[in-house]
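To start, the structure under review is shown below, and the notes come after it.
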Amino acid sequence: MAEKAILLDMEKCIACRACQVACKQWNELPGEKTTFFAAAGGYQNPIGLSPSTYNLIKFYEVEEQNKLRWLFRSHRCMQCVDPACVKACPVTPVKAMTRDENTGAIHVNRELCIGCGACREYCPFTIPVIDTQAEKSTKCTFCFDRLGNGLMPACAKACPTNCLVFGDRDQILEMAHQAEERLKMKGRHPVIYGEKELSTGTKKIFVLPEALDYYPDLPKNPKVSEDLGLFHQLLKPFGTLTLTASLVGLVLGKIRDAKERNEVKVGKEEKS
Amino acid sequence: MGARRDLTDAPNNIGLSPKWSWCWPVNRRIIYNRASCDLQGNPYAPQKWVIKWNAEEKKWTGDVPDGAAPPGAAYSFIMRTEGHARLFGFGLADGPFPEHYEPLESPVKNLMSSQQNNPTIKIWAGEMNMVGTPDKFPIIATTYRVTEHWQAGQMTRNNPWLVELMPDMFVEMSNSLAKAKGVKNGDKVRISTARGHIVAYAVVTNRFKPFKLNGKAYEQIGLPWHFGFKGLAKGDSANSLTPHVGDANTNIPEYKAFLCDVVKEVG
């Protein structure tokens with residue numbers, strides 16, 4: 001399968017949030033209990049990504065020189081071409097944060113995941129959310145279970161305005177540049193985000209109608225933490241021995257955590 | 001059935017696609033289509049013609065003709081005795097010519113005419129339909145809908161995924177009104193009209209600005225419809241506020257413009 005990508009032509013987004021609902025429907029994620037405009041302000045709900053929200057439309061209301069802009073952005077896993085989360089995942093021999101060979105989708109194998117949070121720690125966009133109850137990392141799966149069956153991701157399928165377009169990455173990049181031209185003609189200041197970021201780019205290709213300053217939560221120059229490389233260089237000569245040792249350490253840590261939790265539980269039961 | 005669909009266009013190439021699906025009646029796409037031609041059967045707009053008379057074959061081409069009479073033999077509006085379109089139909093209270101009237105509840109005098117309201121509107125009488133005045137209710141209110149909910153919300157306000165997105169009844173207002181009323185984003189606010197009052201969460205936004213009408217600034221608030229007292233997501237209904245006014249011809253209610261007052265809800 002050629003490398004796939006999703007175009008996010010955000011000028012075409014009307015913030016209907018059909019993608020947000022379609023994501024929950026396909027992934028069988030429950031609706032969250034929310035209150036209106038609690039912390040996020042504006043129409044955005046829920047407040048952030050969570051174990052039951054992999055895709056979130058963010059709203060940006062900007063006014064300058066009496067000109068009002070209401071900008072929207074889909075916030076979720078960028079599906080890096082060279083994903084730091086997969087490198088960071090300590091689970092061996094098969095990684096829990098894994099790149100699906102057939103579709104190229106980066107997703108969490110829930111059976112293997114130990115919920116350690118290394119993927120979130122090293123994610124240049126801080127996307128994966130750890131479900132502390134289930135002890136699993138959660139994020140957008142790029143719908144690998146749809147792609148593998150010849151279907152497009154649920155979000156792209158649901159999008160009514162062609163803001164989200166699924167296709168081969170080279171074609172999607174071409175479309176992104178066409179969209180950039182279209183926006184320039186309209187006097188906007190488009191930014192293509194995801195083509196060259198992190199040098200190899202991502203598989204979510206944003207075309208943002210205005211400069212990155214308008215999207216303060218999107219890193220201007222995303223970087224993979226340097227200690228990830230260091231970690232790997234150091235590990236190389238020691239090979240699996242070190243990995244095994246660190247894994248043993250992690251497992252021991254987990255057992256200790258679990259014990260502590262049990263003790264707390266017992267303590268609670270006694271009280272009640 | 002889907003496989004039978006054919007996007008091939010009619011000879012006029014204006015996107016009629018007569019083989020895509022059948023269109024009642026006789027697969028005609030455009031009603032009274034002969035009205036697009038002069039009395040010789042030549043289209044008024046040759047570059048985007050709907051239908052035209054083929055003199056050699058003595059028949060119409062393009063869309064299926066509405067009444068197959070040759071050019072000049074019958075007028076186009078075949079469902080009318082006289083064969084012509086009507087600007088002013090029978091039995092309608094309001095005429096076809098443009099005129100501006102203020103809503104029943106308005107903070108200003110009609111600047112366009114000495115007649116303040118449309119004299120032919122239907123106003124339901126009674127205690128449930130009191131009319132407010134700008135001295136008591138100085139703020140303009142309007143109602144609208146959100147994408148996430150449908151009608152009164154029986155289906156959508158019981159769907160957890162949609163309730164997550166739009167969980168509560170809210171009222172949108174400008175920064176200047178919020179400041180004047182001491183309201184912050186997310187505060188509970190009481191909105192009252194001559195007919196009733198409701199409570200909703202305040203959304204203070206730059207998308208709302210005071211209007212300048214006849215030199216004076218007037219504030220406006222916006223309320224979604226959809227909410228009610230039952231379901232997964234509950235909230236007060238904007239219907240408690242709106243006036244019962246029907247437009248002159250069809251009785252479509254005047255829910256888009258009325259007067260209210262706003263105070264911060266205590267407790």
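Naming scheme: A, B, ... for chains in displayed order of the structure tokens; residues 1 onward per chain; ligands 1 onward as shown.
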Cut-off 7 Å: closest chain A/chain B atom pairs per residue, using only C-alpha atoms, as CSV:
residue,atom,partner,partner_atom,distance
A:Cys16,CA,B:Thr147,CA,6.1
A:Val21,CA,B:Trp161,CA,6.2
A:Gly31,CA,B:Trp161,CA,4.6
A:Glu32,CA,B:Glu164,CA,5.5
A:Lys33,CA,B:Glu164,CA,6.1
A:Thr34,CA,B:Glu164,CA,5.6
A:Thr35,CA,B:Pro167,CA,6.0
A:Phe36,CA,B:Asp168,CA,5.6
A:Phe37,CA,B:Gly186,CA,6.1
A:Ala38,CA,B:Gly186,CA,6.4
A:Gly42,CA,B:Val203,CA,6.9
A:Asn45,CA,B:Leu165,CA,5.2
A:Pro46,CA,B:Leu165,CA,6.8
Next, the residues of the selection above should be written as an mmCIF file, in the first residue's frame with C-alpha atoms.
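The result, written out as out14.cif:
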data_model
loop_
_atom_site.group_PDB
_atom_site.id
_atom_site.type_symbol
_atom_site.label_atom_id
_atom_site.label_comp_id
_atom_site.auth_asym_id
_atom_site.auth_seq_id
_atom_site.Cartn_x
_atom_site.Cartn_y
_atom_site.Cartn_z
ATOM 1 C CA CYS A 16 -19.955 20.627 12.438
ATOM 2 C CA VAL A 21 -18.783 11.881 16.352
ATOM 3 C CA GLY A 31 -19.735 10.256 25.074
ATOM 4 C CA GLU A 32 -18.166 12.267 27.869
ATOM 5 C CA LYS A 33 -20.067 14.096 30.562
ATOM 6 C CA THR A 34 -19.400 17.724 29.726
ATOM 7 C CA THR A 35 -20.655 21.091 30.901
ATOM 8 C CA PHE A 36 -21.125 23.988 28.598
ATOM 9 C CA PHE A 37 -18.019 26.118 28.028
ATOM 10 C CA ALA A 38 -16.502 25.126 31.355
ATOM 11 C CA GLY A 42 -16.449 28.976 23.166
ATOM 12 C CA ASN A 45 -16.294 20.359 23.894
ATOM 13 C CA PRO A 46 -14.859 18.266 25.534
#
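Of the listed residues A:Leu147, A:Met1, A:Cys113, A:Val81, the one whose atoms come nearest to A:Asp131 is A:Cys113, with distances taken using only C-alpha atoms.
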With distances taken over only C-alpha atoms, which of B:Ile51, B:Val108, B:Met130, B:Ala69 is nearest to B:Gly215?
B:Val108
Extract, using only C-alpha atoms, all DNA, RNA and protein residues at most 12 Å from B:Ser176, discarding same-chain residues fewer than 6 positions from it, and format them as a ChimeraX atom specification.
/B:182-184,204-211,217-221
For N, CA and C atoms, I'd like the residues from the last selection saved as an mmCIF file, in the first residue's frame.
data_model
loop_
_atom_site.group_PDB
_atom_site.id
_atom_site.type_symbol
_atom_site.label_atom_id
_atom_site.label_comp_id
_atom_site.auth_asym_id
_atom_site.auth_seq_id
_atom_site.Cartn_x
_atom_site.Cartn_y
_atom_site.Cartn_z
ATOM 1 N N GLY B 182 -22.368 42.603 34.483
ATOM 2 C CA GLY B 182 -21.514 41.882 35.420
ATOM 3 C C GLY B 182 -21.518 40.376 35.204
ATOM 4 N N VAL B 183 -21.600 39.968 33.941
ATOM 5 C CA VAL B 183 -21.686 38.547 33.604
ATOM 6 C C VAL B 183 -20.361 38.077 33.030
ATOM 7 N N LYS B 184 -19.910 36.915 33.490
ATOM 8 C CA LYS B 184 -18.700 36.308 32.937
ATOM 9 C C LYS B 184 -19.082 35.077 32.117
ATOM 10 N N VAL B 204 -19.905 34.677 26.409
ATOM 11 C CA VAL B 204 -19.518 36.046 26.084
ATOM 12 C C VAL B 204 -18.582 35.969 24.883
ATOM 13 N N THR B 205 -18.958 36.609 23.783
ATOM 14 C CA THR B 205 -18.223 36.396 22.541
ATOM 15 C C THR B 205 -18.135 37.667 21.708
ATOM 16 N N ASN B 206 -17.023 37.759 20.973
ATOM 17 C CA ASN B 206 -16.841 38.876 20.035
ATOM 18 C C ASN B 206 -17.761 38.760 18.831
ATOM 19 N N ARG B 207 -18.371 37.586 18.673
ATOM 20 C CA ARG B 207 -19.251 37.406 17.515
ATOM 21 C C ARG B 207 -20.542 38.208 17.661
ATOM 22 N N PHE B 208 -20.830 38.654 18.873
ATOM 23 C CA PHE B 208 -21.984 39.532 19.070
ATOM 24 C C PHE B 208 -21.498 40.954 19.324
ATOM 25 N N LYS B 209 -22.106 41.902 18.647
ATOM 26 C CA LYS B 209 -21.744 43.314 18.795
ATOM 27 C C LYS B 209 -23.026 44.121 18.938
ATOM 28 N N PRO B 210 -22.954 45.242 19.665
ATOM 29 C CA PRO B 210 -24.152 46.091 19.706
ATOM 30 C C PRO B 210 -24.471 46.670 18.318
ATOM 31 N N PHE B 211 -25.774 46.819 18.035
ATOM 32 C CA PHE B 211 -26.227 47.432 16.779
ATOM 33 C C PHE B 211 -26.287 48.939 16.952
ATOM 34 N N ALA B 217 -26.942 52.865 20.234
ATOM 35 C CA ALA B 217 -26.467 51.477 20.260
ATOM 36 C C ALA B 217 -27.458 50.590 21.007
ATOM 37 N N TYR B 218 -27.762 49.436 20.425
ATOM 38 C CA TYR B 218 -28.651 48.459 21.066
ATOM 39 C C TYR B 218 -27.936 47.124 21.147
ATOM 40 N N GLU B 219 -28.067 46.475 22.292
ATOM 41 C CA GLU B 219 -27.432 45.167 22.453
ATOM 42 C C GLU B 219 -28.347 44.071 21.925
ATOM 43 N N GLN B 220 -27.725 42.971 21.484
ATOM 44 C CA GLN B 220 -28.502 41.819 21.017
ATOM 45 C C GLN B 220 -27.968 40.556 21.677
ATOM 46 N N ILE B 221 -28.882 39.651 22.019
ATOM 47 C CA ILE B 221 -28.455 38.337 22.502
ATOM 48 C C ILE B 221 -28.975 37.261 21.539
#
Leaving out B:Ile191 and any residue of its chain fewer than 3 positions from it, which residues lie within 6 Å of it when counting only C-alpha atoms, given as a VMD selection string?
chain B and resid 197 to 198 261 to 262
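Taking atom CA of A:Pro209 and atom CA of A:Gln65 as endpoints, the distance between them is 18.0 Å.
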If we count only C-alpha atoms and set the cut-off at 12 Å, which residues sit around A:Asp9, ignoring sequence neighbours fewer than 5 positions away in its own chain? Please answer as a ChimeraX atom specification.
/A:14,71-74,156,159,161-166,172-173,175-180,182-183,190-193,204-210
So which bits of stretch 97-172 of chain B end up strand (DSSP E) when you DSSP the backbone, as a count of residues only?
11
Nearby residues (only C-alpha atoms) at most 7 Å from A:Asn109, same-chain spacing under 4 positions excluded, as an MDAnalysis selection string
chainID A and resid 96:98 113
Go ahead and dump the residues you just picked, C-alpha atoms, as a PDB file, in the first residue's frame.
ATOM      1  CA  ALA A  96       2.749  -1.873  21.858  1.00  0.00           C
ATOM      2  CA  MET A  97       2.873   1.427  19.950  1.00  0.00           C
ATOM      3  CA  THR A  98       3.098  -0.062  16.552  1.00  0.00           C
ATOM      4  CA  CYS A 113       0.396  -1.716  26.106  1.00  0.00           C
TER       5      CYS A 113
END
Members of stretch 41-222 of chain B assigned helix (DSSP H, G or I) by DSSP, as a list in words:
Pro46, Gln47, Lys48, Glu127, Met128, Asn129, Thr156, Arg157, Asn158, Pro160, Trp161, Leu162, Val163, Glu164, Leu165, Asn175, Ser176, Leu177, Ala178, Lys179, Ala180 and Lys181 of chain B
Could you pull the residues within 12 Å of A:Glu197, counting only C-alpha atoms, minus those fewer than 6 positions along the same chain, as a VMD selection string?
chain A and resid 78 to 83 124 to 125 191 203 to 206 218 to 224
Take the residues from that selection and put them in a file with N, CA and C atoms, as an mmCIF file, in the first residue's frame.
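Saved the output as selection-v9.cif:
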data_model
loop_
_atom_site.group_PDB
_atom_site.id
_atom_site.type_symbol
_atom_site.label_atom_id
_atom_site.label_comp_id
_atom_site.auth_asym_id
_atom_site.auth_seq_id
_atom_site.Cartn_x
_atom_site.Cartn_y
_atom_site.Cartn_z
ATOM 1 N N MET A 78 -0.930 13.205 14.788
ATOM 2 C CA MET A 78 -0.513 13.651 13.457
ATOM 3 C C MET A 78 -0.058 12.488 12.571
ATOM 4 N N GLN A 79 0.059 11.289 13.127
ATOM 5 C CA GLN A 79 0.540 10.131 12.371
ATOM 6 C C GLN A 79 1.866 10.453 11.671
ATOM 7 N N CYS A 80 2.934 10.651 12.475
ATOM 8 C CA CYS A 80 4.264 10.989 11.951
ATOM 9 C C CYS A 80 4.757 9.904 10.994
ATOM 10 N N VAL A 81 5.471 10.342 9.949
ATOM 11 C CA VAL A 81 6.073 9.376 9.028
ATOM 12 C C VAL A 81 7.154 8.582 9.776
ATOM 13 N N ASP A 82 7.898 9.300 10.643
ATOM 14 C CA ASP A 82 8.934 8.649 11.451
ATOM 15 C C ASP A 82 8.543 8.830 12.921
ATOM 16 N N PRO A 83 7.686 7.950 13.435
ATOM 17 C CA PRO A 83 7.058 8.226 14.732
ATOM 18 C C PRO A 83 7.964 7.988 15.943
ATOM 19 N N PRO A 124 6.111 14.636 19.889
ATOM 20 C CA PRO A 124 6.401 16.064 19.696
ATOM 21 C C PRO A 124 5.150 16.938 19.809
ATOM 22 N N PHE A 125 3.961 16.320 19.760
ATOM 23 C CA PHE A 125 2.719 17.089 19.876
ATOM 24 C C PHE A 125 1.965 16.762 21.174
ATOM 25 N N VAL A 191 -0.714 28.212 5.712
ATOM 26 C CA VAL A 191 0.464 27.472 6.171
ATOM 27 C C VAL A 191 0.187 25.993 5.930
ATOM 28 N N LYS A 203 1.449 12.300 8.446
ATOM 29 C CA LYS A 203 0.442 11.823 7.503
ATOM 30 C C LYS A 203 -0.892 12.544 7.679
ATOM 31 N N LYS A 204 -0.914 13.500 8.587
ATOM 32 C CA LYS A 204 -2.028 14.455 8.627
ATOM 33 C C LYS A 204 -1.440 15.744 8.071
ATOM 34 N N ILE A 205 -1.919 16.156 6.924
ATOM 35 C CA ILE A 205 -1.380 17.352 6.278
ATOM 36 C C ILE A 205 -2.380 18.487 6.452
ATOM 37 N N PHE A 206 -2.033 19.438 7.320
ATOM 38 C CA PHE A 206 -2.917 20.586 7.548
ATOM 39 C C PHE A 206 -2.677 21.673 6.502
ATOM 40 N N LEU A 218 -0.457 24.682 18.689
ATOM 41 C CA LEU A 218 0.231 23.850 17.696
ATOM 42 C C LEU A 218 1.704 24.267 17.704
ATOM 43 N N PRO A 219 2.630 23.338 18.027
ATOM 44 C CA PRO A 219 4.041 23.747 18.125
ATOM 45 C C PRO A 219 4.563 24.295 16.794
ATOM 46 N N LYS A 220 5.211 25.470 16.868
ATOM 47 C CA LYS A 220 5.700 26.116 15.642
ATOM 48 C C LYS A 220 6.796 25.294 14.993
ATOM 49 N N ASN A 221 7.633 24.731 15.824
ATOM 50 C CA ASN A 221 8.743 23.951 15.298
ATOM 51 C C ASN A 221 8.838 22.656 16.095
ATOM 52 N N PRO A 222 7.945 21.702 15.782
ATOM 53 C CA PRO A 222 7.906 20.487 16.605
ATOM 54 C C PRO A 222 9.238 19.746 16.544
ATOM 55 N N LYS A 223 9.628 19.207 17.688
ATOM 56 C CA LYS A 223 10.917 18.502 17.763
ATOM 57 C C LYS A 223 10.743 17.251 18.590
ATOM 58 N N VAL A 224 11.447 16.215 18.179
ATOM 59 C CA VAL A 224 11.490 15.026 19.020
ATOM 60 C C VAL A 224 12.573 15.271 20.056
#
